[in-house]
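Structure file upload_32.csv (CSV, C-alpha atoms and all ligand atoms) is printed below.
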```csv
chain,number,residue,atom,x,y,z
W,1,MET,CA,46.4,128.9,171.8
W,2,ALA,CA,43.8,130.8,169.7
W,3,ARG,CA,44.3,134.5,169.6
W,4,VAL,CA,41.6,136.4,171.4
W,5,SER,CA,40.0,139.0,169.1
W,6,ARG,CA,40.0,142.6,170.4
W,7,ALA,CA,36.5,144.1,170.5
W,8,ALA,CA,35.7,147.6,169.3
W,9,LEU,CA,32.7,149.9,169.3
W,10,VAL,CA,32.5,152.5,166.5
W,11,THR,CA,29.8,155.2,166.4
W,12,GLY,CA,28.5,157.0,163.3
W,13,ALA,CA,29.3,153.7,161.7
W,14,ALA,CA,26.9,154.0,158.7
W,15,GLY,CA,28.5,157.3,157.6
W,16,GLY,CA,31.6,158.2,155.5
W,17,ILE,CA,34.5,158.0,158.0
W,18,GLY,CA,32.7,155.6,160.5
W,19,ALA,CA,32.0,153.0,157.8
W,20,ALA,CA,35.6,153.1,156.7
W,21,VAL,CA,36.8,152.8,160.3
W,22,VAL,CA,34.6,149.7,160.8
W,23,ALA,CA,36.0,148.1,157.6
W,24,GLN,CA,39.6,148.9,158.7
W,25,LEU,CA,39.1,147.5,162.3
W,26,VAL,CA,37.4,144.4,161.0
W,27,ALA,CA,40.2,143.9,158.5
W,28,ASP,CA,42.7,144.3,161.3
W,29,GLY,CA,41.0,141.5,163.2
W,30,HIS,CA,38.7,143.3,165.6
W,31,ASP,CA,35.1,142.3,166.5
W,32,VAL,CA,33.3,145.5,165.8
W,33,LEU,CA,29.9,146.8,167.0
W,34,ALA,CA,28.8,149.3,164.4
W,35,VAL,CA,26.5,151.9,166.1
W,36,ASP,CA,24.4,154.4,164.2
W,37,LEU,CA,20.9,155.8,164.1
W,38,ARG,CA,20.3,153.6,161.1
W,39,PRO,CA,23.2,151.1,161.0
W,40,ASP,CA,24.1,149.3,157.8
W,41,PRO,CA,22.7,145.7,158.1
W,42,ASP,CA,25.1,144.6,155.3
W,43,GLY,CA,28.2,146.3,156.6
W,44,PRO,CA,31.2,144.4,158.0
W,45,GLY,CA,30.5,145.0,161.7
W,46,VAL,CA,27.7,143.9,163.9
W,47,PRO,CA,25.0,146.6,163.4
W,48,PHE,CA,23.5,148.3,166.4
W,49,ALA,CA,20.9,151.1,166.4
W,50,ALA,CA,21.1,153.8,169.0
W,51,ASP,CA,20.6,157.5,169.3
W,52,LEU,CA,23.9,158.7,170.7
W,53,ALA,CA,22.5,162.1,171.5
W,54,THR,CA,20.9,160.4,174.5
W,55,ARG,CA,22.3,158.9,177.7
W,56,GLU,CA,20.3,155.7,177.1
W,57,GLY,CA,21.6,155.3,173.6
W,58,ASN,CA,25.3,155.5,174.7
W,59,ARG,CA,24.6,153.2,177.7
W,60,ALA,CA,22.9,150.7,175.4
W,61,ALA,CA,25.7,150.8,172.9
W,62,VAL,CA,28.4,150.0,175.5
W,63,GLY,CA,26.1,147.3,177.0
W,64,ALA,CA,25.5,145.7,173.6
W,65,ALA,CA,29.2,145.5,172.8
W,66,LEU,CA,29.9,143.8,176.2
W,67,GLU,CA,27.0,141.4,175.8
W,68,ARG,CA,28.0,140.5,172.3
W,69,PHE,CA,31.8,140.3,172.7
W,70,GLY,CA,32.3,139.9,176.4
W,71,ARG,CA,35.0,142.5,176.3
W,72,LEU,CA,35.8,146.0,175.0
W,73,ASP,CA,39.2,147.2,174.0
W,74,VAL,CA,38.6,150.1,171.6
W,75,VAL,CA,36.0,152.8,171.5
W,76,VAL,CA,35.9,155.1,168.4
W,77,ALA,CA,33.6,158.1,169.1
W,78,ASN,CA,33.0,159.2,165.5
W,79,ALA,CA,29.4,160.2,165.1
W,80,GLY,CA,28.9,163.8,164.2
W,81,LEU,CA,26.9,166.4,162.4
W,82,GLN,CA,27.3,169.9,161.2
W,83,HIS,CA,25.3,173.1,161.2
W,84,VAL,CA,26.4,176.2,159.4
W,85,SER,CA,24.8,179.5,160.5
W,86,PRO,CA,25.9,182.9,161.9
W,87,VAL,CA,25.9,183.0,165.7
W,88,GLU,CA,23.1,185.6,165.9
W,89,SER,CA,20.7,183.2,164.1
W,90,PHE,CA,22.2,179.9,165.2
W,91,PRO,CA,19.3,177.7,166.2
W,92,GLU,CA,19.6,176.9,169.9
W,93,ASP,CA,18.3,173.3,169.4
W,94,ARG,CA,21.0,172.7,166.9
W,95,TRP,CA,23.6,173.9,169.4
W,96,ASP,CA,22.3,171.3,171.9
W,97,ALA,CA,22.2,168.5,169.3
W,98,LEU,CA,25.8,169.1,168.1
W,99,LEU,CA,27.1,169.3,171.7
W,100,ALA,CA,25.2,166.2,172.7
W,101,LEU,CA,26.6,164.1,169.8
W,102,MET,CA,30.2,165.3,169.5
W,103,LEU,CA,31.1,166.2,173.2
W,104,THR,CA,28.7,164.5,175.6
W,105,SER,CA,28.5,161.2,173.7
W,106,PRO,CA,32.3,160.6,173.8
W,107,PHE,CA,32.2,161.4,177.5
W,108,LEU,CA,29.3,159.0,178.2
W,109,LEU,CA,30.9,156.3,176.1
W,110,ALA,CA,34.1,156.6,178.0
W,111,ARG,CA,32.2,156.7,181.3
W,112,TYR,CA,30.2,153.6,180.7
W,113,ALA,CA,33.1,151.7,179.0
W,114,TRP,CA,35.8,152.6,181.5
W,115,PRO,CA,35.5,149.5,183.8
W,116,ALA,CA,35.8,147.2,180.7
W,117,LEU,CA,38.6,149.2,179.2
W,118,ARG,CA,40.5,148.9,182.5
W,119,VAL,CA,40.0,145.1,182.4
W,120,SER,CA,41.4,145.1,178.8
W,121,GLY,CA,44.7,146.6,180.0
W,122,ASP,CA,45.6,147.7,176.4
W,123,ALA,CA,42.7,149.9,175.6
W,124,ARG,CA,42.2,152.8,173.2
W,125,VAL,CA,39.6,155.6,173.2
W,126,ILE,CA,39.8,157.4,169.9
W,127,ALA,CA,37.7,160.5,169.2
W,128,VAL,CA,37.3,161.5,165.5
W,129,ALA,CA,37.6,165.2,166.2
W,130,SER,CA,38.6,167.6,163.5
W,131,ALA,CA,41.1,170.3,162.6
W,132,HIS,CA,38.2,172.4,164.1
W,133,ALA,CA,39.5,171.1,167.5
W,134,LEU,CA,42.5,173.3,166.9
W,135,ALA,CA,41.2,176.2,164.7
W,136,ALA,CA,37.9,177.9,164.1
W,137,SER,CA,35.9,178.8,161.0
W,138,PRO,CA,33.1,181.4,160.9
W,139,TYR,CA,29.4,180.2,161.1
W,140,LYS,CA,30.3,176.9,162.9
W,141,SER,CA,30.1,178.0,166.5
W,142,ALA,CA,28.6,174.7,167.9
W,143,TYR,CA,30.9,172.4,165.8
W,144,VAL,CA,34.1,174.3,166.7
W,145,ALA,CA,33.1,174.4,170.4
W,146,ALA,CA,32.2,170.7,170.5
W,147,LYS,CA,35.5,169.7,168.8
W,148,HIS,CA,37.7,171.9,171.0
W,149,GLY,CA,35.8,170.5,174.0
W,150,VAL,CA,36.3,166.9,172.9
W,151,LEU,CA,40.1,167.5,172.7
W,152,GLY,CA,40.0,168.7,176.3
W,153,LEU,CA,38.1,165.5,177.2
W,154,VAL,CA,40.7,163.4,175.4
W,155,LYS,CA,43.5,165.0,177.4
W,156,THR,CA,41.7,164.4,180.7
W,157,LEU,CA,41.0,160.8,179.8
W,158,ALA,CA,44.6,160.3,178.9
W,159,LEU,CA,45.7,161.4,182.4
W,160,GLU,CA,43.1,159.3,184.1
W,161,GLY,CA,43.7,156.2,182.0
W,162,ALA,CA,47.5,156.3,182.1
W,163,ASP,CA,47.9,153.9,185.0
W,164,HIS,CA,45.2,151.6,183.7
W,165,GLY,CA,46.4,150.8,180.1
W,166,ILE,CA,43.9,153.2,178.5
W,167,LEU,CA,45.3,155.5,175.8
W,168,THR,CA,43.2,158.3,174.4
W,169,THR,CA,43.6,160.3,171.3
W,170,ALA,CA,41.8,162.8,169.0
W,171,VAL,CA,42.2,162.3,165.3
W,172,CYS,CA,42.0,165.8,163.7
W,173,PRO,CA,41.4,165.7,159.9
W,174,GLY,CA,40.9,168.5,157.6
W,175,PHE,CA,38.0,168.2,155.1
W,176,VAL,CA,37.1,164.6,154.1
W,177,ARG,CA,35.0,163.5,151.1
W,178,THR,CA,31.8,162.4,153.0
W,179,PRO,CA,28.1,163.3,153.1
W,180,LEU,CA,28.7,165.6,156.0
W,181,VAL,CA,30.8,167.9,153.7
W,182,GLU,CA,28.5,167.5,150.7
W,183,ARG,CA,25.5,168.6,152.7
W,184,GLN,CA,27.3,171.8,153.7
W,185,ILE,CA,27.7,173.2,150.2
W,186,ALA,CA,24.3,175.0,150.0
W,187,ASP,CA,24.5,176.4,153.5
W,188,GLN,CA,28.0,177.6,153.0
W,189,ALA,CA,27.0,179.3,149.7
W,190,GLU,CA,24.2,181.1,151.5
W,191,ALA,CA,26.3,182.1,154.6
W,192,HIS,CA,29.2,183.4,152.5
W,193,GLY,CA,27.0,184.9,149.7
W,194,ILE,CA,28.7,183.0,146.9
W,195,PRO,CA,27.4,180.4,144.3
W,196,GLU,CA,27.4,176.8,145.3
W,197,ASP,CA,30.0,175.8,142.6
W,198,GLU,CA,32.5,178.2,144.3
W,199,VAL,CA,32.1,176.6,147.7
W,200,LEU,CA,34.6,173.7,147.3
W,201,GLU,CA,37.5,175.8,146.2
W,202,GLY,CA,36.6,179.2,147.8
W,203,VAL,CA,35.5,178.0,151.2
W,204,ILE,CA,36.0,174.3,151.9
W,205,LEU,CA,39.5,173.9,150.5
W,206,ALA,CA,40.6,177.4,151.3
W,207,PRO,CA,42.3,176.5,154.6
W,208,HIS,CA,44.1,173.4,153.3
W,209,ALA,CA,47.7,174.1,152.0
W,210,VAL,CA,47.3,171.0,149.9
W,211,LYS,CA,44.1,171.6,147.8
W,212,ARG,CA,42.4,168.3,148.0
W,213,LEU,CA,39.8,166.5,150.2
W,214,LEU,CA,41.0,163.6,152.4
W,215,GLU,CA,39.4,160.2,151.7
W,216,PRO,CA,37.6,158.4,154.5
W,217,GLU,CA,40.0,155.4,154.1
W,218,GLU,CA,42.9,157.7,154.9
W,219,VAL,CA,41.3,158.7,158.3
W,220,ALA,CA,40.4,155.1,158.9
W,221,GLY,CA,44.0,154.0,158.4
W,222,VAL,CA,45.2,156.4,161.1
W,223,VAL,CA,42.4,155.2,163.5
W,224,GLY,CA,43.5,151.6,162.8
W,225,MET,CA,47.1,152.5,163.5
W,226,LEU,CA,46.2,154.2,166.8
W,227,ALA,CA,44.0,151.2,167.8
W,228,GLY,CA,46.9,148.7,167.2
W,229,PRO,CA,50.4,148.1,168.4
W,230,LEU,CA,51.9,151.1,166.6
W,231,GLY,CA,49.5,153.4,168.6
W,232,ARG,CA,51.1,152.6,171.9
W,233,GLY,CA,53.1,155.9,171.9
W,234,PHE,CA,50.1,158.2,171.5
W,235,THR,CA,47.9,159.5,174.3
W,236,GLY,CA,46.4,162.9,175.3
W,237,VAL,CA,47.2,164.4,171.9
W,238,PRO,CA,45.6,165.5,168.7
W,239,VAL,CA,46.7,163.4,165.8
W,240,THR,CA,46.4,166.0,163.1
W,241,MET,CA,46.0,165.2,159.4
W,242,ASP,CA,44.9,168.5,157.9
W,243,LEU,CA,46.9,168.9,154.7
W,244,GLY,CA,48.7,171.9,156.2
W,245,TRP,CA,45.7,173.8,157.5
W,246,THR,CA,47.0,174.5,161.0
W,247,ALA,CA,50.6,175.1,159.8
W,248,ARG,CA,49.6,178.7,159.0
W,301,LIG,N1,33.8,165.0,156.7
W,301,LIG,C1,34.7,165.9,157.1
W,301,LIG,O1,35.3,166.7,156.4
W,301,LIG,C2,35.2,165.8,158.5
W,301,LIG,C3,36.4,166.4,158.9
W,301,LIG,C4,36.9,166.4,160.2
W,301,LIG,C5,36.1,165.6,161.1
W,301,LIG,N2,35.0,165.0,160.8
W,301,LIG,C6,34.3,164.3,161.8
W,301,LIG,O2,34.2,162.9,161.4
W,301,LIG,C7,33.1,162.3,162.0
W,301,LIG,C8,32.3,161.6,161.0
W,301,LIG,O3,31.9,162.5,160.0
W,301,LIG,P1,31.5,162.1,158.5
W,301,LIG,O4,32.0,163.2,157.6
W,301,LIG,O5,31.8,160.7,158.2
W,301,LIG,O6,29.9,162.3,158.6
W,301,LIG,P2,28.6,161.5,158.0
W,301,LIG,O7,27.5,162.5,158.0
W,301,LIG,O8,29.0,160.9,156.7
W,301,LIG,O9,28.4,160.4,159.1
W,301,LIG,C9,28.0,160.7,160.4
W,301,LIG,C10,27.3,159.5,160.9
W,301,LIG,O10,26.8,159.8,162.2
W,301,LIG,C11,25.5,159.3,162.4
W,301,LIG,N3,24.7,160.0,163.4
W,301,LIG,C12,24.3,161.3,163.4
W,301,LIG,N4,23.6,161.6,164.5
W,301,LIG,C13,23.6,160.4,165.2
W,301,LIG,C14,23.0,160.1,166.4
W,301,LIG,N5,22.2,161.0,167.1
W,301,LIG,N6,23.1,158.8,166.9
W,301,LIG,C15,23.9,157.9,166.2
W,301,LIG,N7,24.5,158.2,165.0
W,301,LIG,C16,24.3,159.4,164.5
W,301,LIG,C17,24.8,159.5,161.0
W,301,LIG,O11,23.7,158.7,160.8
W,301,LIG,C18,26.0,159.2,160.1
W,301,LIG,O12,26.0,157.8,159.7
W,301,LIG,C19,32.3,163.5,162.7
W,301,LIG,O13,32.6,163.5,164.0
W,301,LIG,C20,32.9,164.7,162.0
W,301,LIG,O14,32.7,165.8,162.8
W,301,LIG,C21,34.5,165.0,159.5
```
Turn this file's structure into structure tokens for me.
Amino acid sequence: MARVSRAALVTGAAGGIGAAVVAQLVADGHDVLAVDLRPDPDGPGVPFAADLATREGNRAAVGAALERFGRLDVVVANAGLQHVSPVESFPEDRWDALLALMLTSPFLLARYAWPALRVSGDARVIAVASAHALAASPYKSAYVAAKHGVLGLVKTLALEGADHGILTTAVCPGFVRTPLVERQIADQAEAHGIPEDEVLEGVILAPHAVKRLLEPEEVAGVVGMLAGPLGRGFTGVPVTMDLGWTAR
């Protein structure tokens, strides 16, 4: 009998980590809906455009995956954005935008996908969180709050999904070589009052015990493991890959 493909939905799929996760899951034999504001039409997944900062966007993404594949086994909530600013001048609209994308979107995706994930019986919800789900840095109030929040959501979903074959985890990387990090360099330089060429070593890599950036493919490999048979032992936990950051 032909093996039935598992179906996955990945958000932020046009970006650094998301694009690598789509490639990993496709290589592992999943059908993948690759959701982004501007999805890559030439990428390995099925591109789908949605604004995940809205309820309609999250509902449409889940609906499109079910319409296209007829099932849903894996949801990877990865879309994210950063804003670096001291709390007293932190723009309130940016707070709302970061919370909508990195905390409310994972909730809405789980909420809308839940009936299909129960039918799967061997489902995974994986949030690409951050070491900032476990530790804070100055000038990142919204990001740190959203990432701590999504870890709380992951723990709750793990308890609710336990009797339904739904396992939920939060991958918590340190800094990864992606556009999200590259875009922070000027803002970090301003916030810390140092030249831009000192930001990588002086700020970004400062918390890592091992002084290098992670690569998107390393994170994608862990997501692929969690989505597959070796991931069956993980639920309700942060899966930390932070090069020693939170060991301190
Ligand atoms: N890069 C890092 O160092 C790092 C470290 C830890 C965790 N993370 C997390 O990994 C995830 C991916 O980050 P990345 O570094 O690959 O970022 P990235 O900026 O390269 O990619 C993010 C993607 O999200 C998409 N996106 C943004 N707003 C959206 C919206 N409203 N609707 C739909 N899509 C939207 C963007 O278009 C982009 O393709 C994020 O959740 C981020 O917080 C990143």
Which residues are near ligand LIG 301 (chain W) in this structure, taking near to mean any atom at most 7 Å from a ligand atom and counting all atoms listed in the file? Format them as a ChimeraX atom specification. /W:11-18,35-38,50-53,78-82,101-102,128-131,172-181
If we count only C-alpha atoms, what is near Ile126 in chain W at a cut-off of 6 Å, once residues fewer than 4 positions away on the same chain are taken out, given as a PyMOL selection string? chain W and resi 76+168-170
Please write the residues from the selection above to a file, keeping C-alpha atoms, as a PDB file, keeping the file's coordinate frame.
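What follows is the written file selection.pdb:
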```pdb
ATOM      1  CA  VAL W  76      35.900 155.100 168.400  1.00  0.00           C
ATOM      2  CA  THR W 168      43.200 158.300 174.400  1.00  0.00           C
ATOM      3  CA  THR W 169      43.600 160.300 171.300  1.00  0.00           C
ATOM      4  CA  ALA W 170      41.800 162.800 169.000  1.00  0.00           C
TER       5      ALA W 170
END
```
In Å to one decimal, how far is CA of Ala20 in chain W from CA of Trp95 in chain W?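 CA of Ala20 in chain W lies 27.2 Å from CA of Trp95 in chain W.
Neighbouring residues of Gly244 in chain W at 9 Å or closer, counting only C-alpha atoms and skipping chain neighbours under 4 positions away, are Gly174, Pro207, His208, Ala209, Val210 and Arg248 of chain W.
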Looking at all atoms listed in the file, which of W:Ala65, W:Leu214, W:Ala220, W:Val203 is the one that sits closest to Leu117 in chain W?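 Among W:Ala65, W:Leu214, W:Ala220, W:Val203, it is W:Ala65 that comes nearest to Leu117 in chain W.
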To one decimal place in Å, what is the distance between CA of Leu200 in chain W and CA of Ser141 in chain W?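 CA of Ser141 in chain W lies 20.2 Å from CA of Leu200 in chain W.
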So which residues touch Arg94 in chain W within 8 Å, counting all atoms listed in the file, skipping near sequence neighbours fewer than 4 positions away, as a VMD selection string? chain W and resid 83 90 98 142
Do you know which residues are at most 6 Å from range 67-75 of chain W counting only C-alpha atoms, after dropping those on the same chain fewer than 3 positions away, and could you put them as a PyMOL selection string? chain W and resi 6-9+64+116-117+120+123-125
Shell around Val150 in chain W at 10 Å using all atoms listed in the file, local window under 4 positions removed, as an NGL selection string: :W and (77 or 99 or 102-107 or 127-130 or 133 or 144-146 or 154-156 or 169-170)
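With distances restricted to only C-alpha atoms, W:Trp114 is the closest residue to Ile166 in chain W from W:Ala61, W:Trp114, W:Val219, W:Pro229.
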Please, what distance in Å, to one decimal, runs between CA of Gly236 in chain W and CA of Ala19 in chain W?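 Interatomic distance here is 24.7 Å.
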In terms of the shortest atom-to-atom distance over all atoms listed in the file, which of W:Leu213, W:Ala23, W:Ala206, W:Leu167 is closest to Gly228 in chain W?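 Ranking W:Leu213, W:Ala23, W:Ala206, W:Leu167 by distance to Gly228 in chain W, first place goes to W:Leu167.
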I need the residue nearest Leu153 in chain W from this list: W:Leu109, W:Val10, W:Ile204, W:Val22. Use only C-alpha atoms for the distance.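 With only C-alpha atoms as the atom set, the closest residue is W:Leu109.
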Using all atoms listed in the file, pick whichever of W:Leu134, W:Pro47, W:Gly224, W:Thr235 has the shortest atom-to-atom distance to Ala162 in chain W. W:Thr235
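You can rank W:Pro138, W:Asp93, W:Leu66, W:Arg59 by their closest distance to Arg111 in chain W using all atoms listed in the file, and at the top of that list sits W:Arg59.
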